[in-house]
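For reference, entry03.cif is printed below; it contains mmCIF, C-alpha atoms.
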data_target
#
loop_
_atom_site.label_atom_id
_atom_site.label_comp_id
_atom_site.auth_asym_id
_atom_site.auth_seq_id
_atom_site.Cartn_x
_atom_site.Cartn_y
_atom_site.Cartn_z
CA MET K 40 148.54 120.11 89.21
CA ILE K 41 150.44 122.27 91.69
CA ASN K 42 151.06 126.01 91.96
CA PHE K 43 152.32 128.46 94.56
CA PRO K 44 150.02 131.40 95.39
CA THR K 45 152.14 134.37 96.46
CA ALA K 46 151.47 137.21 98.89
CA LYS K 47 151.38 140.96 98.36
CA ILE K 48 152.23 144.09 100.29
CA ASN K 49 150.54 147.48 100.09
CA LEU K 50 152.70 150.45 99.16
CA GLY K 51 150.54 153.14 100.73
CA LEU K 52 146.84 152.74 101.41
CA HIS K 53 144.31 155.58 101.37
CA ILE K 54 140.71 155.08 102.51
CA ILE K 55 139.00 157.74 100.40
CA GLU K 56 135.25 157.39 100.95
CA LYS K 57 132.50 155.01 101.98
CA ARG K 58 130.38 153.73 99.11
CA SER K 59 126.63 153.26 98.94
CA ASP K 60 127.18 149.46 98.96
CA ASN K 61 128.97 149.76 102.35
CA PHE K 62 132.37 149.05 100.84
CA HIS K 63 135.05 151.75 100.72
CA ASN K 64 136.82 153.36 97.81
CA ILE K 65 140.54 153.05 98.33
CA GLU K 66 143.80 153.91 96.63
CA THR K 67 146.79 151.61 97.08
CA ILE K 68 149.63 149.94 95.24
CA PHE K 69 149.69 146.15 95.35
CA TYR K 70 153.21 144.76 95.07
CA PRO K 71 153.80 140.96 94.86
CA ILE K 72 156.33 139.30 97.15
CA ARG K 73 157.79 135.79 97.27
CA ILE K 74 156.08 134.42 100.40
CA ALA K 75 153.83 131.67 99.08
CA ASP K 76 151.33 128.91 99.87
CA ALA K 77 151.22 125.64 97.91
CA LEU K 78 148.02 124.61 96.15
CA GLU K 79 147.44 121.26 94.43
CA PHE K 80 144.51 119.38 92.96
CA ILE K 81 144.05 116.01 91.27
CA PRO K 82 141.00 114.32 89.67
CA ALA K 83 139.02 112.30 92.23
CA PRO K 84 135.74 110.38 92.62
CA ILE K 85 134.25 113.18 94.74
CA ASP K 86 135.24 116.71 95.71
CA SER K 87 137.40 117.05 98.80
CA PHE K 88 139.47 119.77 100.43
CA SER K 89 142.34 119.26 102.86
CA GLN K 90 144.74 121.68 104.44
CA SER K 91 148.10 121.71 106.21
CA GLY K 92 150.48 124.33 107.57
CA ILE K 93 148.89 127.35 109.26
CA SER K 94 145.41 126.41 110.44
CA ILE K 95 142.46 128.00 108.61
CA LEU K 96 139.29 128.61 110.60
CA GLY K 97 135.86 128.02 109.13
CA PRO K 98 134.23 125.27 107.03
CA ASN K 99 135.90 124.00 103.88
CA HIS K 100 133.16 125.31 101.60
CA ASP K 101 134.01 128.87 102.71
CA ASN K 102 137.60 128.56 101.51
CA LEU K 103 138.21 130.70 98.43
CA CYS K 104 139.71 127.75 96.56
CA MET K 105 136.42 125.90 96.85
CA LYS K 106 134.47 129.05 96.02
CA ALA K 107 136.60 129.52 92.89
CA LEU K 108 135.80 125.95 91.81
CA LYS K 109 132.08 126.48 92.40
CA LEU K 110 132.18 129.80 90.53
CA LEU K 111 133.67 128.28 87.38
CA ARG K 112 131.32 125.31 87.57
CA ASN K 113 128.46 127.75 87.03
CA ASP K 114 129.75 128.15 83.46
CA PHE K 115 131.88 125.07 82.76
CA THR K 116 131.75 121.32 83.34
CA ILE K 117 134.55 120.50 85.76
CA PRO K 118 134.81 116.98 87.24
CA PRO K 119 135.33 116.23 90.97
CA LEU K 120 138.70 117.23 92.42
CA ALA K 121 140.74 116.49 95.52
CA ILE K 122 142.26 119.82 96.57
CA HIS K 123 145.07 120.33 99.07
CA LEU K 124 146.28 123.70 100.35
CA HIS K 125 149.47 124.07 102.37
CA LYS K 126 149.15 127.41 104.16
CA ASN K 127 152.34 129.40 104.71
CA ILE K 128 151.12 132.99 104.21
CA PRO K 129 149.93 134.14 107.66
CA ILE K 130 146.23 134.78 108.18
CA GLY K 131 144.93 138.13 109.44
CA ALA K 132 148.12 139.72 108.18
CA GLY K 133 147.09 142.05 105.34
CA LEU K 134 149.11 140.00 102.85
CA GLY K 135 146.22 138.78 100.69
CA GLY K 136 146.89 135.08 101.16
CA GLY K 137 143.30 133.92 100.87
CA SER K 138 142.67 136.07 97.82
CA SER K 139 145.82 134.74 96.20
CA ASP K 140 144.70 131.15 96.83
CA GLY K 141 141.33 131.82 95.18
CA ALA K 142 142.83 133.61 92.19
CA THR K 143 145.46 130.90 91.70
CA MET K 144 142.75 128.26 91.76
CA LEU K 145 140.96 130.09 88.94
CA LYS K 146 144.16 130.17 86.89
CA MET K 147 144.96 126.51 87.53
CA LEU K 148 141.47 125.38 86.55
CA ASN K 149 141.66 127.48 83.39
CA GLU K 150 144.97 125.92 82.41
CA TYR K 151 144.29 122.31 83.43
CA PHE K 152 140.86 122.09 81.79
CA ASP K 153 141.75 124.35 78.84
CA LEU K 154 138.85 126.71 79.49
CA LYS K 155 140.46 129.36 77.25
CA LEU K 156 139.61 132.22 79.61
CA THR K 157 141.49 135.46 78.99
CA VAL K 158 143.25 137.45 81.71
CA ILE K 159 140.39 139.95 81.70
CA GLN K 160 137.81 137.19 82.05
CA LEU K 161 139.77 135.61 84.91
CA GLN K 162 139.99 138.99 86.62
CA ASN K 163 136.23 139.39 86.35
CA TYR K 164 135.74 135.99 87.99
CA GLY K 165 138.24 137.05 90.65
CA ARG K 166 136.24 140.19 91.44
CA GLN K 167 133.32 137.93 92.33
CA LEU K 168 135.49 136.19 94.93
CA GLY K 169 136.95 139.27 96.61
CA ALA K 170 138.10 142.82 96.05
CA ASP K 171 141.82 142.09 95.63
CA CYS K 172 141.53 138.69 93.91
CA ALA K 173 141.71 140.31 90.48
CA PHE K 174 145.22 141.60 91.25
CA PHE K 175 146.58 138.08 91.76
CA ILE K 176 145.60 136.98 88.26
CA ASN K 177 148.45 138.97 86.67
CA ASN K 178 150.37 139.32 89.95
CA LYS K 179 152.33 142.39 88.86
CA PRO K 180 152.58 145.82 90.55
CA VAL K 181 149.37 147.82 90.09
CA LEU K 182 147.70 150.97 91.29
CA ALA K 183 144.40 149.69 92.73
CA GLU K 184 141.38 151.94 93.12
CA GLY K 185 137.66 151.52 93.73
CA LYS K 186 137.20 148.58 96.11
CA GLY K 187 140.74 147.53 95.22
CA ASP K 188 139.62 145.86 92.00
CA GLU K 189 140.17 148.70 89.52
CA LEU K 190 143.72 148.02 88.40
CA LYS K 191 146.29 150.05 86.46
CA MET K 192 149.81 148.81 85.82
CA ILE K 193 152.55 150.82 87.51
CA GLU K 194 156.31 150.61 86.97
CA ILE K 195 157.80 149.91 90.40
CA ASP K 196 160.67 147.44 90.80
CA LEU K 197 162.00 146.51 94.24
CA SER K 198 163.96 143.47 93.07
CA GLY K 199 167.23 145.13 94.08
CA TYR K 200 166.15 145.40 97.72
CA GLU K 201 165.54 142.98 100.58
CA ILE K 202 161.90 142.90 101.68
CA VAL K 203 161.30 141.43 105.13
CA VAL K 204 157.83 140.75 106.52
CA VAL K 205 157.33 140.46 110.27
CA MET K 206 154.21 139.64 112.24
CA PRO K 207 153.79 139.77 116.00
CA GLN K 208 152.80 136.47 117.51
CA ASP K 209 149.19 136.06 118.66
CA ILE K 210 147.91 139.24 116.98
CA HIS K 211 145.40 138.89 114.14
CA VAL K 212 143.57 141.96 112.85
CA SER K 213 140.04 141.70 111.49
CA THR K 214 139.64 143.68 108.27
CA ALA K 215 136.06 144.54 109.22
CA ALA K 216 137.16 145.82 112.63
CA ALA K 217 139.96 147.86 111.04
CA TYR K 218 137.51 149.58 108.68
CA SER K 219 135.06 150.29 111.52
CA GLY K 220 137.39 152.86 113.05
CA ILE K 221 138.35 154.64 109.81
CA THR K 222 137.32 158.17 108.88
CA PRO K 223 137.71 158.36 105.08
CA SER K 224 139.50 161.39 103.64
CA LYS K 225 140.99 162.60 100.38
CA PRO K 226 144.73 161.84 100.20
CA ILE K 227 147.30 164.63 100.04
CA TYR K 228 149.72 162.52 97.98
CA LYS K 229 148.58 160.67 94.86
CA LEU K 230 150.04 157.17 94.68
CA LYS K 231 150.12 157.24 90.88
CA ASN K 232 153.20 159.47 91.27
CA LEU K 233 155.13 157.02 93.44
CA ALA K 234 157.17 155.56 90.57
CA GLU K 235 158.78 158.98 90.14
CA GLU K 236 159.90 159.19 93.79
CA PRO K 237 163.20 157.76 95.09
CA ILE K 238 162.55 155.16 97.75
CA GLU K 239 164.44 157.30 100.27
CA ASN K 240 161.52 159.77 100.12
CA TRP K 241 158.81 157.20 100.81
CA LYS K 242 159.01 157.56 104.60
CA ASN K 243 157.75 161.14 104.30
CA ILE K 244 155.00 160.66 101.72
CA LEU K 245 153.77 157.05 101.77
CA MET K 246 151.06 156.43 104.37
CA ASN K 247 148.76 153.58 105.34
CA ASP K 248 145.52 155.04 106.73
CA PHE K 249 144.88 151.94 108.86
CA GLU K 250 148.00 152.48 110.95
CA THR K 251 146.64 155.23 113.24
CA ARG K 252 143.80 153.10 114.58
CA ILE K 253 145.59 149.75 114.52
CA PHE K 254 148.63 151.14 116.33
CA LYS K 255 146.36 152.44 119.12
CA CYS K 256 144.66 149.07 119.45
CA TYR K 257 147.86 147.03 119.12
CA PRO K 258 150.88 149.03 120.39
CA ARG K 259 153.19 146.07 119.66
CA ILE K 260 152.62 146.57 115.92
CA ALA K 261 153.67 150.22 116.23
CA GLU K 262 156.77 149.15 118.18
CA LEU K 263 157.71 146.67 115.47
CA LYS K 264 157.55 149.35 112.80
CA GLN K 265 159.98 151.48 114.78
CA GLU K 266 162.27 148.48 115.32
CA LEU K 267 162.42 147.91 111.55
CA TYR K 268 163.60 151.48 111.09
CA GLU K 269 166.15 151.03 113.88
CA LEU K 270 167.48 148.00 112.00
CA GLY K 271 168.07 150.18 108.95
CA ALA K 272 164.89 149.93 106.86
CA ILE K 273 164.64 152.54 104.12
CA TYR K 274 160.89 152.24 104.40
CA ALA K 275 158.59 150.32 106.73
CA SER K 276 154.82 150.03 106.85
CA MET K 277 151.91 147.89 107.86
CA SER K 278 150.53 145.90 104.93
CA GLY K 279 146.82 146.30 104.30
CA SER K 280 144.91 146.31 107.59
CA GLY K 281 147.72 144.37 109.34
CA ALA K 282 148.90 142.71 111.49
CA ALA K 283 151.97 142.12 109.31
CA LEU K 284 154.53 144.83 108.67
CA TYR K 285 157.27 144.92 106.09
CA GLY K 286 160.62 146.62 105.90
CA ILE K 287 162.55 147.42 102.73
CA PHE K 288 166.33 147.19 103.20
CA LYS K 289 169.31 147.82 100.97
CA GLU K 290 170.89 144.51 102.01
CA LYS K 291 170.20 141.35 103.99
CA ILE K 292 170.14 141.97 107.72
CA ASN K 293 170.24 140.01 110.98
CA LEU K 294 166.74 139.91 112.43
CA SER K 295 167.57 138.04 115.65
CA TYR K 296 167.04 141.35 117.49
CA LEU K 297 163.29 141.06 116.91
CA LYS K 298 161.54 139.05 119.61
CA ASN K 299 158.21 137.19 119.63
CA VAL K 300 157.59 137.69 115.92
CA ALA K 301 157.22 135.50 112.87
CA ILE K 302 159.70 136.49 110.16
CA PHE K 303 159.23 135.93 106.44
CA GLU K 304 161.61 136.74 103.61
CA GLY K 305 159.66 138.51 100.87
#
In structure tokens, write the structure found in this file.
Amino acid sequence: MINFPTAKINLGLHIIEKRSDNFHNIETIFYPIRIADALEFIPAPIDSFSQSGISILGPNHDNLCMKALKLLRNDFTIPPLAIHLHKNIPIGAGLGGGSSDGATMLKMLNEYFDLKLTVIQLQNYGRQLGADCAFFINNKPVLAEGKGDELKMIEIDLSGYEIVVVMPQDIHVSTAAAYSGITPSKPIYKLKNLAEEPIENWKNILMNDFETRIFKCYPRIAELKQELYELGAIYASMSGSGAALYGIFKEKINLSYLKNVAIFEG
């Protein structure tokens, strides 16, 4: 069985407060984009995991696909599988690639082995894998609160625009390091109102709280955001804790002006 876990971008991201469990309460909008990995598994004599494309650091058992398999095996009998992941979504980018892989694995196992899990049940399994895994079960625009796992549907449609994701070469941002420099604060603008705002207004109201610190640590990321605006972006932002940025354009553009970056069509 094969499927294609897709990435997401964050439309705004507010770090509201630190929780007693050392996580943070946030407010953001997750929006799915077309950049995707490829995930496949087949029955096999023993479990195995292989990977191609962008290299993933760490042991195989730490991969969220394997963790998703182990999680469901706590409650269901699932035979050995040979799993292969082709990684195309960049790592350390703020695009949710690993979370999407784990969530997609849950959905594939549910379908292939007819486990009859509902969307809500799959989301609850996803929350055990990671804060934003639950979003990728439905993979539709949501307002995310709490740790990023309290989800409310929101009507935002960017299908009429060109979304371009760019990532500077050789820069990977640790989520833990990004949070370490954040001072939580109550947002001035509530993201639940974004659907009522024309996209032309987003530049003035839609903020990612990680940008201030990350731009100081990695000036090239700040430069790239400005270059996206110079190319005609209606709105540009870092996604999550970076290092990827995205630009929303009215039409397809020539990106050859951008140097030393990886470019993805979203």
For this structure, which residues satisfy the selection - the PyMOL selection byres ((chain K and resi 101-108) around 12) - when it is evaluated on the file as given? I want them as a PDB file with C-alpha atoms, keeping the file's coordinate frame.
ATOM      1  CA  PRO K  44     150.020 131.400  95.390  1.00  0.00           C
ATOM      2  CA  ALA K  77     151.220 125.640  97.910  1.00  0.00           C
ATOM      3  CA  LEU K  78     148.020 124.610  96.150  1.00  0.00           C
ATOM      4  CA  GLU K  79     147.440 121.260  94.430  1.00  0.00           C
ATOM      5  CA  PHE K  80     144.510 119.380  92.960  1.00  0.00           C
ATOM      6  CA  ASP K  86     135.240 116.710  95.710  1.00  0.00           C
ATOM      7  CA  SER K  87     137.400 117.050  98.800  1.00  0.00           C
ATOM      8  CA  PHE K  88     139.470 119.770 100.430  1.00  0.00           C
ATOM      9  CA  SER K  89     142.340 119.260 102.860  1.00  0.00           C
ATOM     10  CA  GLN K  90     144.740 121.680 104.440  1.00  0.00           C
ATOM     11  CA  ILE K  95     142.460 128.000 108.610  1.00  0.00           C
ATOM     12  CA  LEU K  96     139.290 128.610 110.600  1.00  0.00           C
ATOM     13  CA  GLY K  97     135.860 128.020 109.130  1.00  0.00           C
ATOM     14  CA  PRO K  98     134.230 125.270 107.030  1.00  0.00           C
ATOM     15  CA  ASN K  99     135.900 124.000 103.880  1.00  0.00           C
ATOM     16  CA  HIS K 100     133.160 125.310 101.600  1.00  0.00           C
ATOM     17  CA  LYS K 109     132.080 126.480  92.400  1.00  0.00           C
ATOM     18  CA  LEU K 110     132.180 129.800  90.530  1.00  0.00           C
ATOM     19  CA  LEU K 111     133.670 128.280  87.380  1.00  0.00           C
ATOM     20  CA  ARG K 112     131.320 125.310  87.570  1.00  0.00           C
ATOM     21  CA  ASN K 113     128.460 127.750  87.030  1.00  0.00           C
ATOM     22  CA  ASP K 114     129.750 128.150  83.460  1.00  0.00           C
ATOM     23  CA  PHE K 115     131.880 125.070  82.760  1.00  0.00           C
ATOM     24  CA  THR K 116     131.750 121.320  83.340  1.00  0.00           C
ATOM     25  CA  ILE K 117     134.550 120.500  85.760  1.00  0.00           C
ATOM     26  CA  PRO K 118     134.810 116.980  87.240  1.00  0.00           C
ATOM     27  CA  PRO K 119     135.330 116.230  90.970  1.00  0.00           C
ATOM     28  CA  LEU K 120     138.700 117.230  92.420  1.00  0.00           C
ATOM     29  CA  ALA K 121     140.740 116.490  95.520  1.00  0.00           C
ATOM     30  CA  ILE K 122     142.260 119.820  96.570  1.00  0.00           C
ATOM     31  CA  HIS K 123     145.070 120.330  99.070  1.00  0.00           C
ATOM     32  CA  LEU K 124     146.280 123.700 100.350  1.00  0.00           C
ATOM     33  CA  HIS K 125     149.470 124.070 102.370  1.00  0.00           C
ATOM     34  CA  LYS K 126     149.150 127.410 104.160  1.00  0.00           C
ATOM     35  CA  GLY K 135     146.220 138.780 100.690  1.00  0.00           C
ATOM     36  CA  GLY K 136     146.890 135.080 101.160  1.00  0.00           C
ATOM     37  CA  GLY K 137     143.300 133.920 100.870  1.00  0.00           C
ATOM     38  CA  SER K 138     142.670 136.070  97.820  1.00  0.00           C
ATOM     39  CA  SER K 139     145.820 134.740  96.200  1.00  0.00           C
ATOM     40  CA  ASP K 140     144.700 131.150  96.830  1.00  0.00           C
ATOM     41  CA  GLY K 141     141.330 131.820  95.180  1.00  0.00           C
ATOM     42  CA  ALA K 142     142.830 133.610  92.190  1.00  0.00           C
ATOM     43  CA  THR K 143     145.460 130.900  91.700  1.00  0.00           C
ATOM     44  CA  MET K 144     142.750 128.260  91.760  1.00  0.00           C
ATOM     45  CA  LEU K 145     140.960 130.090  88.940  1.00  0.00           C
ATOM     46  CA  LYS K 146     144.160 130.170  86.890  1.00  0.00           C
ATOM     47  CA  MET K 147     144.960 126.510  87.530  1.00  0.00           C
ATOM     48  CA  LEU K 148     141.470 125.380  86.550  1.00  0.00           C
ATOM     49  CA  ASN K 149     141.660 127.480  83.390  1.00  0.00           C
ATOM     50  CA  PHE K 152     140.860 122.090  81.790  1.00  0.00           C
ATOM     51  CA  LEU K 161     139.770 135.610  84.910  1.00  0.00           C
ATOM     52  CA  GLN K 162     139.990 138.990  86.620  1.00  0.00           C
ATOM     53  CA  ASN K 163     136.230 139.390  86.350  1.00  0.00           C
ATOM     54  CA  TYR K 164     135.740 135.990  87.990  1.00  0.00           C
ATOM     55  CA  GLY K 165     138.240 137.050  90.650  1.00  0.00           C
ATOM     56  CA  ARG K 166     136.240 140.190  91.440  1.00  0.00           C
ATOM     57  CA  GLN K 167     133.320 137.930  92.330  1.00  0.00           C
ATOM     58  CA  LEU K 168     135.490 136.190  94.930  1.00  0.00           C
ATOM     59  CA  GLY K 169     136.950 139.270  96.610  1.00  0.00           C
ATOM     60  CA  CYS K 172     141.530 138.690  93.910  1.00  0.00           C
TER      61      CYS K 172
END
I need the output of the PyMOL selection byres ((chain K and resi 221-235) around 7) for this file as a PyMOL selection string; which residues are they? chain K and resi 53-57+67+182+194-195+218-220+236-237+244
Kindly give the distance, in Å, that separates CA of Ile287 (chain K) and CA of Arg73 (chain K), rounded to a single decimal. 13.7 Å
Quick check on the file I pasted: which residues fall under the PyMOL selection byres ((chain K and resi 217) around 9)? Write them as a PDB file with C-alpha atoms, keeping the file's coordinate frame.
ATOM      1  CA  VAL K 212     143.570 141.960 112.850  1.00  0.00           C
ATOM      2  CA  SER K 213     140.040 141.700 111.490  1.00  0.00           C
ATOM      3  CA  THR K 214     139.640 143.680 108.270  1.00  0.00           C
ATOM      4  CA  ALA K 215     136.060 144.540 109.220  1.00  0.00           C
ATOM      5  CA  ALA K 216     137.160 145.820 112.630  1.00  0.00           C
ATOM      6  CA  TYR K 218     137.510 149.580 108.680  1.00  0.00           C
ATOM      7  CA  SER K 219     135.060 150.290 111.520  1.00  0.00           C
ATOM      8  CA  GLY K 220     137.390 152.860 113.050  1.00  0.00           C
ATOM      9  CA  ILE K 221     138.350 154.640 109.810  1.00  0.00           C
ATOM     10  CA  PHE K 249     144.880 151.940 108.860  1.00  0.00           C
ATOM     11  CA  ARG K 252     143.800 153.100 114.580  1.00  0.00           C
ATOM     12  CA  ILE K 253     145.590 149.750 114.520  1.00  0.00           C
ATOM     13  CA  SER K 280     144.910 146.310 107.590  1.00  0.00           C
ATOM     14  CA  GLY K 281     147.720 144.370 109.340  1.00  0.00           C
TER      15      GLY K 281
END
Report the distance between CA of His63 (chain K) and CA of Lys255 (chain K) in Å, rounded to one decimal place.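 These two atoms are separated by 21.6 Å.
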Pull C-alpha atoms for region 61-129 of chain K from the block and write them as an mmCIF file, in the first residue's frame.
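Resulting contents of selection_3.cif:
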data_model
loop_
_atom_site.group_PDB
_atom_site.id
_atom_site.type_symbol
_atom_site.label_atom_id
_atom_site.label_comp_id
_atom_site.auth_asym_id
_atom_site.auth_seq_id
_atom_site.Cartn_x
_atom_site.Cartn_y
_atom_site.Cartn_z
ATOM 1 C CA ASN K 61 6.712 22.363 29.831
ATOM 2 C CA PHE K 62 4.891 22.533 26.508
ATOM 3 C CA HIS K 63 3.453 25.821 25.239
ATOM 4 C CA ASN K 64 -0.086 26.831 24.438
ATOM 5 C CA ILE K 65 -0.182 28.186 20.920
ATOM 6 C CA GLU K 66 -2.632 29.566 18.401
ATOM 7 C CA THR K 67 -2.058 28.929 14.701
ATOM 8 C CA ILE K 68 -3.783 27.949 11.492
ATOM 9 C CA PHE K 69 -2.520 24.784 9.824
ATOM 10 C CA TYR K 70 -2.993 24.857 6.055
ATOM 11 C CA PRO K 71 -2.132 21.780 3.919
ATOM 12 C CA ILE K 72 0.059 22.160 0.836
ATOM 13 C CA ARG K 73 0.987 19.782 -1.989
ATOM 14 C CA ILE K 74 4.643 19.077 -1.133
ATOM 15 C CA ALA K 75 4.677 15.395 -0.227
ATOM 16 C CA ASP K 76 6.715 12.368 0.836
ATOM 17 C CA ALA K 77 5.921 8.840 -0.390
ATOM 18 C CA LEU K 78 5.183 6.105 2.136
ATOM 19 C CA GLU K 79 4.721 2.416 1.291
ATOM 20 C CA PHE K 80 4.467 -0.838 3.197
ATOM 21 C CA ILE K 81 4.015 -4.488 2.244
ATOM 22 C CA PRO K 82 3.600 -7.667 4.337
ATOM 23 C CA ALA K 83 6.978 -9.239 5.168
ATOM 24 C CA PRO K 84 8.537 -11.999 7.305
ATOM 25 C CA ILE K 85 9.927 -9.430 9.768
ATOM 26 C CA ASP K 86 9.555 -5.702 10.340
ATOM 27 C CA SER K 87 11.945 -3.479 8.415
ATOM 28 C CA PHE K 88 12.245 0.219 7.643
ATOM 29 C CA SER K 89 14.139 1.753 4.737
ATOM 30 C CA GLN K 90 14.426 5.307 3.539
ATOM 31 C CA SER K 91 15.452 7.263 0.446
ATOM 32 C CA GLY K 92 15.476 10.894 -0.638
ATOM 33 C CA ILE K 93 16.415 13.449 2.021
ATOM 34 C CA SER K 94 18.445 11.729 4.728
ATOM 35 C CA ILE K 95 16.792 11.296 8.142
ATOM 36 C CA LEU K 96 19.043 11.297 11.188
ATOM 37 C CA GLY K 97 18.476 8.947 14.093
ATOM 38 C CA PRO K 98 17.671 5.234 14.479
ATOM 39 C CA ASN K 99 14.816 3.667 12.542
ATOM 40 C CA HIS K 100 12.784 2.915 15.666
ATOM 41 C CA ASP K 101 12.568 6.663 16.368
ATOM 42 C CA ASN K 102 10.883 7.356 13.034
ATOM 43 C CA LEU K 103 7.234 8.313 13.513
ATOM 44 C CA CYS K 104 6.119 5.717 10.965
ATOM 45 C CA MET K 105 7.576 2.973 13.142
ATOM 46 C CA LYS K 106 6.180 4.600 16.276
ATOM 47 C CA ALA K 107 2.720 4.707 14.662
ATOM 48 C CA LEU K 108 2.964 0.981 13.907
ATOM 49 C CA LYS K 109 4.036 0.202 17.474
ATOM 50 C CA LEU K 110 1.247 2.394 18.868
ATOM 51 C CA LEU K 111 -1.499 0.556 16.998
ATOM 52 C CA ARG K 112 0.026 -2.808 17.851
ATOM 53 C CA ASN K 113 -0.701 -2.027 21.489
ATOM 54 C CA ASP K 114 -4.396 -2.468 20.632
ATOM 55 C CA PHE K 115 -4.489 -4.520 17.415
ATOM 56 C CA THR K 116 -2.769 -7.552 15.912
ATOM 57 C CA ILE K 117 -0.765 -6.299 12.947
ATOM 58 C CA PRO K 118 1.654 -8.663 11.157
ATOM 59 C CA PRO K 119 5.269 -7.773 10.233
ATOM 60 C CA LEU K 120 5.691 -5.102 7.558
ATOM 61 C CA ALA K 121 8.435 -3.838 5.284
ATOM 62 C CA ILE K 122 8.112 -0.037 5.282
ATOM 63 C CA HIS K 123 9.774 2.367 2.870
ATOM 64 C CA LEU K 124 9.703 6.158 3.162
ATOM 65 C CA HIS K 125 10.885 8.425 0.361
ATOM 66 C CA LYS K 126 11.585 11.783 1.998
ATOM 67 C CA ASN K 127 10.903 14.898 -0.054
ATOM 68 C CA ILE K 128 9.549 17.308 2.595
ATOM 69 C CA PRO K 129 12.630 19.058 4.028
#
